[in-house]
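*Asks:* Below you'll find the structure I mean.
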Amino acid sequence: MMKIYFLFLIGLTALFTSCTNSAQTNNLTHLEKTAAREVSLKTVVQGDSIFHITSQTIWANDQIISTKTDTIKTLKEIPDWNANTPTSLVNIPIFVTVQ
């Protein structure tokens, strides 16, 4: 009886393991670009400045119809009124809003 219970647990574990590993990831390189818009965000720290670079590419009918890159420059550190040390903007989070 114990052997049957042990084999049942092994079979059940194998079933759950195979189900959880079958999730597919869909990377951007594998997506169809018949009608798509790709937006990439990049932050470059250079000297006392931070460059926030946004690049956009728009596809229609498997062809690139438009590309554009915008750059916003900010200071690396912002002086704070109450603190002796300035606030660093190097590791701030990026929030994206899609409309």
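Ordered as shown in the structure tokens, chains take letters A, B, and onward, while each chain numbers its residues from 1 and ligands are numbered from 1 in the order shown.
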Do you know which residues are at most 12 Å from Val44 in chain A counting only C-alpha atoms, after dropping those on the same chain fewer than 4 positions away, and could you put them as an MDAnalysis selection string?
*Replies:* chainID A and resid 48:54 71:76 89:91
*Asks:* Can you write out the residues you just picked, keeping all heavy atoms, as a compact mmCIF listing (two decimals), in the first residue's frame?
*Replies:*
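What ended up in part_13.txt:
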```txt
# COMPACT_ATOMS: atom_id res chain seq x y z
N ASP A 48 27.57 64.88 -14.81
CA ASP A 48 26.59 65.27 -13.80
C ASP A 48 25.17 65.31 -14.39
O ASP A 48 24.27 65.90 -13.80
CB ASP A 48 26.95 66.63 -13.19
CG ASP A 48 26.94 67.75 -14.22
OD1 ASP A 48 26.93 67.44 -15.42
OD2 ASP A 48 26.95 68.92 -13.81
N SER A 49 24.96 64.68 -15.55
CA SER A 49 23.66 64.67 -16.21
C SER A 49 23.17 63.25 -16.43
O SER A 49 23.94 62.30 -16.47
CB SER A 49 23.75 65.36 -17.58
OG SER A 49 24.15 66.70 -17.43
N ILE A 50 21.85 63.13 -16.58
CA ILE A 50 21.20 61.87 -16.93
C ILE A 50 20.41 62.12 -18.20
O ILE A 50 19.64 63.08 -18.29
CB ILE A 50 20.28 61.37 -15.81
CG1 ILE A 50 21.05 61.14 -14.53
CG2 ILE A 50 19.56 60.10 -16.24
CD1 ILE A 50 20.18 60.74 -13.36
N PHE A 51 20.59 61.26 -19.19
CA PHE A 51 19.86 61.34 -20.43
C PHE A 51 18.81 60.24 -20.45
O PHE A 51 19.13 59.06 -20.37
CB PHE A 51 20.80 61.21 -21.63
CG PHE A 51 21.79 62.32 -21.73
CD1 PHE A 51 23.07 62.17 -21.23
CD2 PHE A 51 21.44 63.52 -22.31
CE1 PHE A 51 24.00 63.19 -21.30
CE2 PHE A 51 22.36 64.55 -22.40
CZ PHE A 51 23.63 64.40 -21.89
N HIS A 52 17.53 60.62 -20.55
CA HIS A 52 16.41 59.68 -20.63
C HIS A 52 16.03 59.59 -22.11
O HIS A 52 15.50 60.53 -22.68
CB HIS A 52 15.23 60.18 -19.79
CG HIS A 52 15.61 60.50 -18.39
ND1 HIS A 52 15.69 59.53 -17.41
CD2 HIS A 52 15.95 61.66 -17.79
CE1 HIS A 52 16.05 60.09 -16.27
NE2 HIS A 52 16.22 61.39 -16.48
N ILE A 53 16.33 58.45 -22.73
CA ILE A 53 16.17 58.30 -24.17
C ILE A 53 14.97 57.39 -24.44
O ILE A 53 14.90 56.27 -23.94
CB ILE A 53 17.44 57.70 -24.80
CG1 ILE A 53 18.64 58.60 -24.46
CG2 ILE A 53 17.28 57.53 -26.30
CD1 ILE A 53 19.98 57.97 -24.73
N THR A 54 14.02 57.88 -25.24
CA THR A 54 12.85 57.12 -25.64
C THR A 54 12.90 56.92 -27.15
O THR A 54 12.97 57.90 -27.89
CB THR A 54 11.55 57.87 -25.28
OG1 THR A 54 11.58 58.16 -23.89
CG2 THR A 54 10.33 57.04 -25.59
N THR A 71 15.09 62.67 -26.42
CA THR A 71 16.00 62.66 -25.28
C THR A 71 15.63 63.80 -24.34
O THR A 71 15.45 64.93 -24.77
CB THR A 71 17.46 62.82 -25.73
OG1 THR A 71 17.77 61.78 -26.66
CG2 THR A 71 18.40 62.73 -24.56
N ILE A 72 15.53 63.45 -23.06
CA ILE A 72 15.31 64.46 -22.01
C ILE A 72 16.52 64.43 -21.10
O ILE A 72 16.95 63.38 -20.64
CB ILE A 72 14.04 64.16 -21.20
CG1 ILE A 72 12.81 64.18 -22.11
CG2 ILE A 72 13.88 65.15 -20.05
CD1 ILE A 72 11.55 63.73 -21.43
N LYS A 73 17.09 65.61 -20.84
CA LYS A 73 18.28 65.71 -19.99
C LYS A 73 17.88 66.27 -18.63
O LYS A 73 17.18 67.26 -18.54
CB LYS A 73 19.30 66.64 -20.66
CG LYS A 73 20.57 66.82 -19.89
CD LYS A 73 21.50 67.79 -20.62
CE LYS A 73 22.72 68.09 -19.81
NZ LYS A 73 23.60 69.07 -20.47
N THR A 74 18.33 65.57 -17.56
CA THR A 74 18.10 66.05 -16.20
C THR A 74 19.42 66.04 -15.45
O THR A 74 20.39 65.43 -15.88
CB THR A 74 17.08 65.15 -15.45
OG1 THR A 74 17.60 63.83 -15.39
CG2 THR A 74 15.73 65.15 -16.12
N LEU A 75 19.42 66.69 -14.32
CA LEU A 75 20.60 66.67 -13.45
C LEU A 75 20.70 65.32 -12.76
O LEU A 75 19.69 64.64 -12.51
CB LEU A 75 20.51 67.76 -12.39
CG LEU A 75 20.61 69.20 -12.90
CD1 LEU A 75 20.37 70.18 -11.75
CD2 LEU A 75 21.97 69.44 -13.51
N LYS A 76 21.90 64.91 -12.45
CA LYS A 76 22.13 63.65 -11.76
C LYS A 76 21.69 63.72 -10.30
O LYS A 76 21.19 62.75 -9.75
CB LYS A 76 23.62 63.30 -11.85
CG LYS A 76 23.98 61.95 -11.33
CD LYS A 76 25.46 61.70 -11.56
CE LYS A 76 25.94 60.40 -11.01
NZ LYS A 76 27.37 60.21 -11.24
N LEU A 89 19.16 60.99 -8.64
CA LEU A 89 18.13 60.52 -9.57
C LEU A 89 18.61 59.35 -10.43
O LEU A 89 17.99 59.02 -11.43
CB LEU A 89 17.70 61.68 -10.48
CG LEU A 89 17.09 62.89 -9.79
CD1 LEU A 89 16.76 63.97 -10.81
CD2 LEU A 89 15.83 62.49 -9.04
N VAL A 90 19.72 58.73 -10.04
CA VAL A 90 20.30 57.66 -10.85
C VAL A 90 19.42 56.41 -10.82
O VAL A 90 19.17 55.80 -11.85
CB VAL A 90 21.73 57.34 -10.38
CG1 VAL A 90 22.27 56.13 -11.10
CG2 VAL A 90 22.63 58.54 -10.59
N ASN A 91 18.92 56.02 -9.67
CA ASN A 91 18.17 54.77 -9.54
C ASN A 91 16.70 54.98 -9.29
O ASN A 91 16.07 54.20 -8.59
CB ASN A 91 18.77 53.92 -8.41
CG ASN A 91 20.16 53.45 -8.73
OD1 ASN A 91 20.46 53.12 -9.86
ND2 ASN A 91 21.03 53.44 -7.72
```
*Asks:* Excluding Ser40 in chain A and residues on its chain fewer than 6 positions from it, collect all residues at most 12 Å away from it, counting only C-alpha atoms, and give them as a list in words.
*Replies:*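 My list of contacting residues is Leu28, His52, Ile53, Thr54, Ser55, Gln56, Thr57, Ile58, Thr67, Lys68, Thr69, Asp70, Thr71, Ile94 and Val96 of chain A.
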*Asks:* From the DSSP assignment of the backbone, select every residue of range 33-65 of chain A that is strand (DSSP E or B), and format the answer as a PyMOL selection string.
*Replies:* chain A and resi 35-46+49-60+63-65
*Asks:* CA of Asp80 in chain A to CA of Leu41 in chain A: how many Å, to one decimal?
*Replies:*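 These atoms are spaced 26.9 Å apart.
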*Asks:* Can you tell me how far CA of Val45 in chain A sits from CA of Gln99 in chain A, in Å to one decimal?
*Replies:*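 Result for CA of Val45 in chain A versus CA of Gln99 in chain A: 28.6 Å, one decimal.
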*Asks:* To one decimal place in Å, what is the distance between CA of Thr87 in chain A and CA of Gly47 in chain A?
*Replies:* 15.9 Å
